[in-house]
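J.: There's a structure below that I have some questions on.
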Amino acid sequence: MNADDGRRVTITAIAQEAGVSVPTVSRVLNGRSDVAPDTRERVEELLRHHGYQRRASRTVRRADLVDLVFNDLDSPWAVEIIRGVEDVGHAAGVGTVVSAIHSESTSTRTWLQNLRARASDGVIVVTSHLTPPVHAQLRRLNVPVVVVDPAAGVPGTDVPAIGATNWAGGLAATEHLLGLGHRRIGFVAGPTHLLCSRARLDGYRAGLEAAGVPLDDRLVQAGDFYHASGFTAGSTLLGLDDPPTAIFAASDQMAFGVYEAVRRRGLRVADDVSVVGFDDLPEARWASPPLTTVRQPLVEMGRLAARTVLRLAQGEEIESPRVELATELVVRDSTARPAGR
């Protein structure tokens, strides 16, 4: 490293050279008192030597508001994210402004104008692609950003991203069905442009491959995370000459659409066709039969996103640009061994 690197010198590199942990360097940067004087002096000297530029201080909030932005608000999982963000915001005395921004440039432009007018303390973007022009404008406004379930991977080293272990969840659901004896397992995929959708599909494929079950492309049908697409995909799968004995849908809403497709054919969920979802929305436990699904910690993802953006608003450093919270398979009554086995 050299002193001309400026902001490009990371706190990780400073920590390594100083022989301390990254959190220790972060505490020095934020003026915390819980650092030994000699350690503080050593870290401060390295920061000066390498010309490290501290993030502009925002210890005094401008508006006590955080913007929470979705592509749309038609999904029940959006409500779970909002609950998590508002839990943290309420405790911190910070309000939440919820918006839906579609792909139209006028919608984005209007939102940016409103954001500038209300001087929001931070922005949480959910399942959206943070485009370079929008990111550049937010940087000019000195507004920190956190992305939840980024559309195309980590948006940049300076933008924290919060997600879930989607691949592991897809694998767990598939292994559960294989363990019950199913070998014809259909999959209803989410939108292909979303990273979380592709990860769930990859987990499904990995489960089949590990069990030595060939992948039949006809058993993979496209969906969009919503009920209607689950019904359409489920109807297509059940209409095959050799239909699946189990269907794994990449969202609970699509799983409920599959429920409807099963019943329209005079079949019964679990008895004739096992169904697994993904999300564990509140209604999953009240469905008939209760839905076996992969629990995604949506509320906690919202809470972590809110805590992270408020830390950034206070000028703190975030050491981990990407955090994935664990998913968990929740077995209920919608899955059983294949009929006749």
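Ordering of the structure tokens sets the chain letters (A, B, ...); residue numbers start at 1 within each chain; ligands are numbered from 1 in the order shown.
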When you look at stretch 175-183 of chain A with a cut-off of 12 Å (counting only C-alpha atoms), what residues show up, excluding the ones that are within fewer than 3 positions of it in the same chain? I need them as a tab-separated table (two decimals) with C-alpha atoms, in the first residue's frame.
T.:
```
chain	number	residue	atom	x	y	z
A	168	ALA	CA	-29.00	-24.55	0.46
A	169	GLY	CA	-32.76	-24.11	0.78
A	170	GLY	CA	-33.35	-25.50	-2.71
A	171	LEU	CA	-31.09	-28.43	-1.93
A	172	ALA	CA	-32.84	-29.16	1.39
A	186	GLY	CA	-41.18	-31.05	-10.73
A	187	PHE	CA	-39.80	-27.58	-10.13
A	203	GLY	CA	-29.99	-26.26	-5.36
A	204	TYR	CA	-32.76	-28.40	-6.89
A	205	ARG	CA	-30.44	-29.55	-9.67
A	206	ALA	CA	-27.64	-30.30	-7.20
A	207	GLY	CA	-29.97	-32.44	-5.10
A	208	LEU	CA	-31.02	-34.52	-8.10
A	209	GLU	CA	-27.44	-34.90	-9.29
A	210	ALA	CA	-26.20	-36.02	-5.87
A	211	ALA	CA	-28.93	-38.68	-5.77
A	212	GLY	CA	-28.13	-39.89	-9.28
A	213	VAL	CA	-31.53	-38.80	-10.60
A	214	PRO	CA	-31.34	-37.50	-14.20
A	215	LEU	CA	-32.69	-34.00	-14.75
A	216	ASP	CA	-35.73	-33.97	-17.05
A	219	LEU	CA	-40.06	-31.04	-15.14
A	242	ASP	CA	-45.37	-39.16	-16.91
A	243	PRO	CA	-46.29	-36.47	-14.38
A	244	PRO	CA	-44.23	-35.77	-11.26
A	245	THR	CA	-45.21	-37.29	-7.94
A	246	ALA	CA	-43.89	-34.18	-6.18
A	247	ILE	CA	-43.55	-30.49	-7.09
A	248	PHE	CA	-41.17	-28.01	-5.49
A	270	ALA	CA	-49.72	-35.10	-0.24
A	272	ASP	CA	-51.34	-37.99	-4.71
A	273	VAL	CA	-48.84	-35.15	-5.23
A	274	SER	CA	-46.42	-33.81	-2.63
A	275	VAL	CA	-45.85	-30.03	-2.70
A	276	VAL	CA	-43.04	-27.93	-1.20
A	277	GLY	CA	-42.83	-24.13	-1.18
A	292	THR	CA	-44.01	-27.97	3.82
A	293	THR	CA	-41.71	-25.11	2.88
A	294	VAL	CA	-38.25	-23.58	3.18
A	328	GLU	CA	-34.58	-23.91	7.21
A	329	LEU	CA	-36.83	-26.66	5.90
A	330	VAL	CA	-40.15	-26.75	7.78
A	331	VAL	CA	-41.90	-30.10	7.28
A	332	ARG	CA	-45.69	-30.02	7.52
A	334	SER	CA	-48.16	-31.36	2.20
A	335	THR	CA	-45.46	-33.98	1.62
A	336	ALA	CA	-45.61	-37.78	1.93
A	337	ARG	CA	-44.21	-40.87	0.31
A	338	PRO	CA	-45.33	-41.46	-3.28
A	339	ALA	CA	-48.68	-43.20	-3.61
A	340	GLY	CA	-48.34	-46.98	-3.55
A	341	ARG	CA	-44.99	-46.97	-1.74
```
J.: Taking the chain letters and numbering used in this document, name the residues of stretch 61-246 of chain A that DSSP puts in strand (DSSP E or B), as a PyMOL selection string.
T.: chain A and resi 65-70+95-100+122-126+145-148+161-164+185-189+220-222+246
J.: Just how far from atom CA of A:Ala287 is atom CA of A:Arg263, in Å to one decimal?
T.: 13.5 Å
J.: Rounded to one decimal, what separation in Å do you get between atom CA of A:Ala313 and atom CA of A:Ser120?
T.: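 Separation of atom CA of A:Ala313 and atom CA of A:Ser120: 9.8 Å.
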J.: Extract, using only C-alpha atoms, all DNA, RNA and protein residues at most 7 Å from A:Gln221, discarding same-chain residues fewer than 3 positions from it, and format them as an MDAnalysis selection string.
T.: chainID A and resid 187:189 233
J.: Would you mind reading off the distance between atom CA of A:Thr232 and atom CA of A:Val258, one decimal, in Å?
T.: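 Between these atoms lies a distance of 8.0 Å.
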J.: Give the answer as one residue: which of A:Leu195, A:Arg184, A:Leu130, A:Gly122 has the shortest atom-to-atom distance to A:Ala151, using only C-alpha atoms?
T.: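 Of all the options, A:Leu195 lies closest to A:Ala151.
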J.: Excluding A:Val123 and any residue of its chain fewer than 2 positions from it, enumerate the residues within 7 Å of it, using only C-alpha atoms, and give them as a ChimeraX atom specification.
T.: /A:66-68,125,144-146
J.: Measuring atom to atom with only C-alpha atoms, identify which of A:Pro191, A:Gly239, A:Gly95, A:Pro282 is nearest to A:Ala222.
T.: A:Pro191
J.: Here is a test: counting only C-alpha atoms, which residue of A:Val269, A:Ala199, A:Glu283, A:Val299 is nearest to A:Ala250?
T.: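 Among A:Val269, A:Ala199, A:Glu283, A:Val299, it is A:Ala199 that comes nearest to A:Ala250.
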J.: Which of these residues is nearest to A:Ile124, using only C-alpha atoms: A:Glu17, A:Thr327, A:Ala305, A:Ala255?
T.: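 Closest to A:Ile124, using only C-alpha atoms: A:Ala305.
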J.: For a quick check of understanding, using only C-alpha atoms, which of A:Val9, A:Leu115, A:Val28, A:Val85 has the smallest distance to A:Gly51?
T.: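 The closest residue to A:Gly51 is A:Val9.
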J.: Pick from A:Glu260, A:Pro76, A:Ala161, A:Thr308: nearest to A:Ala284, with only C-alpha atoms counted?
T.: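 Closest residue, counting only C-alpha atoms: A:Pro76.
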J.: If you run DSSP over the backbone, which residues in stretch 115-190 of chain A end up helix (DSSP H, G or I)? Put them as an MDAnalysis selection string.
T.: chainID A and resid 115:118 132:140 166:179
